[in-house]
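Source file my_file_6.txt; content: compact mmCIF, C-alpha atoms and all ligand atoms.
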# COMPACT_ATOMS: atom_id res chain seq x y z
CA MET Q 1 0.00 0.00 0.00
CA ILE Q 2 2.73 2.42 1.09
CA LYS Q 3 6.38 2.41 0.21
CA LEU Q 4 8.87 4.94 1.54
CA GLU Q 5 12.30 5.02 -0.07
CA ASN Q 6 15.15 6.89 1.61
CA ILE Q 7 12.85 9.52 3.10
CA SER Q 8 14.48 12.38 4.93
CA LYS Q 9 13.06 15.45 6.59
CA GLN Q 10 15.13 18.42 7.54
CA TYR Q 11 13.70 21.41 9.36
CA ASP Q 12 15.47 24.68 8.82
CA LEU Q 13 15.18 26.99 11.80
CA GLY Q 14 16.82 30.11 10.44
CA GLY Q 15 20.27 28.63 9.96
CA THR Q 16 20.01 25.72 12.37
CA LYS Q 17 19.09 22.54 10.57
CA VAL Q 18 17.33 19.69 12.34
CA ASP Q 19 17.43 16.27 10.71
CA ALA Q 20 14.12 14.93 11.97
CA LEU Q 21 14.18 11.88 9.67
CA LYS Q 22 17.17 10.28 7.98
CA ASP Q 23 17.02 7.73 5.19
CA ILE Q 24 13.77 6.00 6.14
CA SER Q 25 12.80 3.10 3.88
CA LEU Q 26 9.81 1.00 4.81
CA GLU Q 27 6.71 -0.67 3.49
CA ILE Q 28 3.21 -0.79 4.93
CA LYS Q 29 0.89 -3.36 3.44
CA ARG Q 30 -2.87 -3.14 3.16
CA GLY Q 31 -4.44 -4.51 6.34
CA ASP Q 32 -1.30 -4.03 8.46
CA TYR Q 33 -1.43 -2.91 12.07
CA ALA Q 34 1.83 -1.09 12.73
CA ALA Q 35 3.10 0.68 15.82
CA ILE Q 36 5.66 3.47 15.59
CA MET Q 37 7.77 3.66 18.74
CA GLY Q 38 10.80 5.54 19.96
CA PRO Q 39 11.89 8.18 22.47
CA SER Q 40 10.51 11.70 22.46
CA GLY Q 41 12.02 13.70 19.61
CA SER Q 42 12.96 10.60 17.59
CA GLY Q 43 10.79 11.65 14.62
CA LYS Q 44 7.57 9.69 15.20
CA SER Q 45 5.20 12.59 14.58
CA THR Q 46 7.28 13.80 11.64
CA LEU Q 47 7.00 10.33 10.10
CA MET Q 48 3.25 10.30 10.72
CA HIS Q 49 2.88 13.70 9.06
CA ILE Q 50 4.76 12.51 6.02
CA LEU Q 51 2.84 9.22 5.84
CA GLY Q 52 -0.40 11.20 6.10
CA ILE Q 53 0.72 13.67 3.43
CA LEU Q 54 0.25 16.47 5.94
CA ASP Q 55 3.85 17.46 5.35
CA SER Q 56 6.35 16.73 2.60
CA SER Q 57 9.75 15.14 2.92
CA THR Q 58 12.93 16.97 1.94
CA GLY Q 59 14.33 13.88 0.24
CA GLY Q 60 13.34 10.42 -0.93
CA ASN Q 61 10.24 8.91 -2.51
CA TYR Q 62 6.78 8.10 -1.23
CA TYR Q 63 4.58 5.71 -3.15
CA LEU Q 64 0.95 5.07 -2.24
CA GLU Q 65 -0.55 2.35 -4.41
CA ASP Q 66 0.13 3.64 -7.92
CA TYR Q 67 0.75 7.23 -6.91
CA ASP Q 68 4.20 8.75 -6.71
CA ILE Q 69 3.17 11.12 -3.93
CA THR Q 70 6.38 13.18 -3.88
CA ALA Q 71 5.88 14.06 -7.55
CA LEU Q 72 2.27 15.21 -7.25
CA PRO Q 73 1.05 18.80 -6.95
CA ASP Q 74 -0.34 19.89 -3.56
CA LYS Q 75 -3.93 19.81 -4.73
CA GLU Q 76 -3.70 16.21 -5.87
CA GLN Q 77 -1.92 15.28 -2.63
CA ALA Q 78 -4.79 16.82 -0.66
CA ARG Q 79 -7.36 14.93 -2.72
CA ILE Q 80 -5.61 11.62 -2.04
CA ARG Q 81 -5.23 12.44 1.65
CA ASN Q 82 -8.92 13.29 2.04
CA LYS Q 83 -10.04 10.23 0.14
CA HIS Q 84 -7.83 7.57 1.72
CA PHE Q 85 -6.73 8.65 5.20
CA GLY Q 86 -8.25 9.16 8.61
CA PHE Q 87 -6.38 10.94 11.40
CA ILE Q 88 -6.51 10.65 15.17
CA PHE Q 89 -4.39 12.85 17.41
CA GLN Q 90 -3.34 12.72 21.05
CA SER Q 91 -5.23 15.92 21.80
CA PHE Q 92 -8.42 14.90 19.92
CA ASN Q 93 -8.47 18.15 17.88
CA LEU Q 94 -12.24 18.58 17.98
CA PHE Q 95 -13.84 21.93 17.21
CA PRO Q 96 -14.92 23.18 20.65
CA GLU Q 97 -17.95 25.12 19.39
CA LEU Q 98 -19.36 22.15 17.48
CA SER Q 99 -21.34 19.28 18.98
CA ALA Q 100 -20.19 15.68 18.66
CA ILE Q 101 -22.37 15.06 15.62
CA GLU Q 102 -21.36 18.36 14.00
CA ASN Q 103 -17.70 17.48 14.46
CA VAL Q 104 -18.26 14.15 12.70
CA MET Q 105 -20.27 15.80 9.93
CA LEU Q 106 -17.76 18.56 9.19
CA PRO Q 107 -15.30 16.65 6.95
CA MET Q 108 -18.27 15.30 5.00
CA SER Q 109 -19.50 18.81 4.31
CA TYR Q 110 -16.03 19.72 2.95
CA ALA Q 111 -16.37 16.64 0.75
CA GLY Q 112 -19.68 17.94 -0.61
CA ILE Q 113 -21.85 15.16 0.81
CA PRO Q 114 -25.53 16.17 1.12
CA GLN Q 115 -26.78 17.18 4.57
CA LYS Q 116 -29.14 14.23 5.01
CA THR Q 117 -26.48 11.65 4.15
CA ARG Q 118 -23.97 13.43 6.39
CA LYS Q 119 -26.31 13.27 9.32
CA GLU Q 120 -27.25 9.63 8.82
CA LYS Q 121 -23.62 8.64 8.47
CA ALA Q 122 -22.53 10.66 11.51
CA ILE Q 123 -25.23 9.02 13.63
CA GLN Q 124 -24.16 5.59 12.44
CA LEU Q 125 -20.48 6.31 13.18
CA LEU Q 126 -21.23 7.69 16.64
CA GLN Q 127 -23.27 4.55 17.33
CA GLU Q 128 -20.30 2.44 16.28
CA VAL Q 129 -18.10 4.10 18.90
CA GLY Q 130 -20.84 3.85 21.53
CA LEU Q 131 -21.78 7.53 21.68
CA GLU Q 132 -25.36 7.53 20.41
CA HIS Q 133 -26.39 9.14 23.72
CA ARG Q 134 -23.87 12.00 23.36
CA MET Q 135 -24.61 13.31 19.85
CA THR Q 136 -25.43 16.90 20.79
CA HIS Q 137 -22.82 17.30 23.52
CA LEU Q 138 -20.06 19.84 23.05
CA PRO Q 139 -16.51 18.49 23.48
CA THR Q 140 -16.19 20.23 26.89
CA MET Q 141 -19.19 18.20 28.12
CA LEU Q 142 -17.46 14.93 27.19
CA SER Q 143 -14.75 12.97 28.98
CA GLY Q 144 -11.38 12.56 27.29
CA GLY Q 145 -12.20 9.01 26.25
CA GLU Q 146 -15.50 10.17 24.76
CA GLN Q 147 -13.80 13.02 22.91
CA GLN Q 148 -11.35 10.59 21.40
CA ARG Q 149 -14.22 8.33 20.33
CA VAL Q 150 -15.83 11.32 18.58
CA ALA Q 151 -12.47 11.94 16.89
CA ILE Q 152 -12.40 8.30 15.75
CA ALA Q 153 -15.94 8.58 14.38
CA ARG Q 154 -14.86 11.73 12.54
CA SER Q 155 -11.77 9.99 11.15
CA LEU Q 156 -14.05 7.29 9.70
CA SER Q 157 -16.39 9.67 7.91
CA ASN Q 158 -14.59 9.24 4.57
CA ASP Q 159 -14.30 5.42 4.88
CA PRO Q 160 -10.49 5.60 5.05
CA ASP Q 161 -8.20 2.77 3.93
CA LEU Q 162 -5.59 3.93 6.41
CA ILE Q 163 -5.92 5.33 9.92
CA LEU Q 164 -2.99 7.29 11.29
CA ALA Q 165 -3.14 7.69 15.04
CA ASP Q 166 -0.47 9.74 16.84
CA GLU Q 167 -0.43 8.65 20.50
CA PRO Q 168 -4.22 8.23 20.52
CA THR Q 169 -4.27 7.09 24.14
CA GLY Q 170 -1.55 9.46 25.38
CA ASN Q 171 -3.97 11.80 27.18
CA LEU Q 172 -6.25 9.10 28.55
CA PRO Q 173 -6.38 6.98 31.71
CA SER Q 174 -5.49 3.37 30.93
CA ASP Q 175 -9.04 1.95 30.99
CA LYS Q 176 -10.20 4.61 28.50
CA GLY Q 177 -7.08 4.05 26.43
CA GLU Q 178 -7.99 0.38 26.29
CA GLU Q 179 -11.39 1.25 24.79
CA ILE Q 180 -9.66 3.25 22.08
CA MET Q 181 -7.24 0.38 21.38
CA GLN Q 182 -10.14 -2.03 21.03
CA ILE Q 183 -11.91 0.26 18.56
CA LEU Q 184 -8.72 0.59 16.47
CA GLU Q 185 -8.20 -3.17 16.57
CA SER Q 186 -11.75 -3.91 15.49
CA LEU Q 187 -11.31 -1.49 12.57
CA ASN Q 188 -8.14 -3.32 11.64
CA ARG Q 189 -9.96 -6.67 11.73
CA ARG Q 190 -12.44 -5.15 9.26
CA GLY Q 191 -9.53 -4.50 6.92
CA VAL Q 192 -8.57 -0.91 7.73
CA THR Q 193 -4.80 -0.39 7.81
CA VAL Q 194 -3.76 1.15 11.14
CA VAL Q 195 -0.52 2.98 11.92
CA MET Q 196 -0.28 4.14 15.50
CA VAL Q 197 2.39 5.98 17.45
CA THR Q 198 2.62 4.75 21.01
CA HIS Q 199 4.91 4.98 24.03
CA ASN Q 200 3.25 2.00 25.60
CA PRO Q 201 5.19 -1.28 25.16
CA GLU Q 202 2.04 -3.32 25.82
CA GLN Q 203 0.30 -1.55 22.95
CA GLY Q 204 3.37 -2.05 20.78
CA LYS Q 205 3.20 -5.81 21.40
CA ARG Q 206 -0.41 -5.91 20.24
CA ALA Q 207 0.48 -4.43 16.85
CA GLY Q 208 1.47 -6.65 13.96
CA TYR Q 209 4.93 -5.12 14.03
CA VAL Q 210 6.83 -2.15 15.43
CA ILE Q 211 8.61 0.55 13.43
CA GLU Q 212 11.24 1.76 15.85
CA LEU Q 213 12.86 5.16 15.51
CA ARG Q 214 15.88 6.64 17.22
CA ASP Q 215 17.31 10.05 16.29
CA GLY Q 216 15.28 10.08 13.09
CA MET Q 217 16.52 6.68 11.95
CA LEU Q 218 15.03 3.21 11.89
CA THR Q 219 16.76 1.18 14.58
CA PRO Q 220 17.77 -1.70 12.27
CA ALA Q 221 19.68 0.87 10.19
CA LEU Q 222 21.30 2.14 13.40
CA GLU Q 223 22.44 -1.37 14.32
CA VAL Q 224 24.06 -1.77 10.91
CA GLN Q 225 25.75 1.61 11.28
CA ASN Q 226 27.08 0.74 14.73
CA ALA Q 227 28.19 -2.78 13.80
N1 LIG I 1 8.10 22.16 12.85
C1 LIG I 1 9.32 21.86 13.31
N2 LIG I 1 10.34 22.71 13.16
C2 LIG I 1 11.57 22.40 13.58
N3 LIG I 1 11.91 21.26 14.19
C3 LIG I 1 10.93 20.36 14.38
C4 LIG I 1 9.59 20.61 13.95
N4 LIG I 1 8.83 19.53 14.26
C5 LIG I 1 9.66 18.66 14.86
N5 LIG I 1 10.92 19.16 14.94
C6 LIG I 1 12.11 18.45 15.49
O1 LIG I 1 12.26 17.23 14.82
C7 LIG I 1 12.60 16.20 15.72
C8 LIG I 1 11.54 15.10 15.68
O2 LIG I 1 10.33 15.60 16.19
P1 LIG I 1 8.98 14.75 16.29
O3 LIG I 1 8.76 14.09 14.99
O4 LIG I 1 7.92 15.63 16.79
O5 LIG I 1 9.38 13.66 17.37
P2 LIG I 1 8.48 12.68 18.24
O6 LIG I 1 7.09 12.70 17.70
O7 LIG I 1 9.14 11.33 18.12
O8 LIG I 1 8.55 13.17 19.66
C9 LIG I 1 12.75 16.86 17.07
O9 LIG I 1 14.11 17.15 17.26
C10 LIG I 1 11.93 18.11 16.95
O10 LIG I 1 12.40 19.12 17.80
MG MG I 2 5.25 13.15 18.62
Take the structure in the file and give it back as structure tokens.
Amino acid sequence: MIKLENISKQYDLGGTKVDALKDISLEIKRGDYAAIMGPSGSGKSTLMHILGILDSSTGGNYYLEDYDITALPDKEQARIRNKHFGFIFQSFNLFPELSAIENVMLPMSYAGIPQKTRKEKAIQLLQEVGLEHRMTHLPTMLSGGEQQRVAIARSLSNDPDLILADEPTGNLPSDKGEEIMQILESLNRRGVTVVMVTHNPEQGKRAGYVIELRDGMLTPALEVQNA
């Protein structure tokens, strides 16, 4: 599904250059459940942003199915991102002035889906994450776990092939984090590809495999370098 070849990302902070990713080559297959792990600052979020086409690399190639992502204009990149990907963040990123159902409906209105269909789909998605009784609540009226479930429902509104979750349980108590993990795992069993950043070794073990980063490099590459 995804192939990264020698991806690098350098941030330029007015003269100071930060190599956030160095020479990352990896493959993610359709239906995979991958965990990205590594210390703080090792490049996990940067890698997620590049995988999600939220940011572009400064070197290397990114292939998604038949698309050569790095070679595509921004507009085409955005179209692919909106069609294929769903995003979940540590801090939920809900719009505070919108109710749960409005938050789930919003990406569908950007996509030009008619109001009636948007509403029906949002209700169905909120039911799937067990929030049918919280549709009209504002985010501030919801617990953290509930907010993250709204965010998951929202991420599913475009029927994504790939869910990218950056520390989705990082702001939650462990029992609520477990609920989120179970939702992600049931999506994966239904065939959705899941890539999740986590600091939690137990969560890492539950994934199909772990992509481990250190100082912007994959750890196998590091071992070769240090050998
Ligand atoms: N927008 C940015 N501008 C400059 N440096 C950045 C930016 N984002 C991340 N970095 C740097 O890149 C490195 C990797 O960051 P990040 O991918 O956020 O790591 P992680 O998610 O593993 O904690 C860090 O050294 C960080 O300071
Ligand atoms: Mg991060």
8 Å from ligand LIG 1 (chain I) is the threshold here; counting only C-alpha atoms and all ligand atoms, which polymer residues fall inside it? Answer as a VMD selection string.
chain Q and resid 10 to 13 18 to 21 37 to 48 213 215 to 216
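When the distance limit is 9 Å and only C-alpha atoms are what count, the residues near Q:Asn82, minus those fewer than 4 positions from it on the same chain, are Gln77, Ala78, Gly86, Pro107, Ala111, Asn158 and Pro160 of chain Q.
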Saved selection, atoms kept: C-alpha atoms, as a tab-separated table (two decimals), in the frame of the given file:
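Listing of part30.tsv after writing:
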chain	number	residue	atom	x	y	z
Q	77	GLN	CA	-1.92	15.28	-2.63
Q	78	ALA	CA	-4.79	16.82	-0.66
Q	86	GLY	CA	-8.25	9.16	8.61
Q	107	PRO	CA	-15.30	16.65	6.95
Q	111	ALA	CA	-16.37	16.64	0.75
Q	158	ASN	CA	-14.59	9.24	4.57
Q	160	PRO	CA	-10.49	5.60	5.05
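Comparing the minimum interatomic distances between Q:Asp74 and each of Q:Asp55, Q:Arg118, Q:Ser99, Q:Ile88, counting all atoms listed in the file, we find that Q:Asp55 sits nearest.
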Could you check which of Q:Ser57, Q:Gly130, Q:Tyr33, Q:Leu94 is closest to Q:Gln203, using all atoms listed in the file?
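Among the listed residues, the smallest separation from Q:Gln203 belongs to Q:Tyr33.
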Hey, can you check how far atom CA of Q:Ile69 sits from atom CA of Q:Lys17?
24.4 Å
To one decimal place in Å, what is the distance between atom CA of Q:Tyr67 and atom CA of Q:Lys83?
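So the two atoms, atom CA of Q:Tyr67 and atom CA of Q:Lys83, lie 13.2 Å apart.
Distance check against Q:Ala207 using all atoms listed in the file: of Q:Thr70, Q:Thr16, Q:Thr193, Q:Asn61, the minimum falls on Q:Thr193.
Atom to atom, atom CA of Q:Gly145 and atom CA of Q:Lys116 stand 27.7 Å apart.
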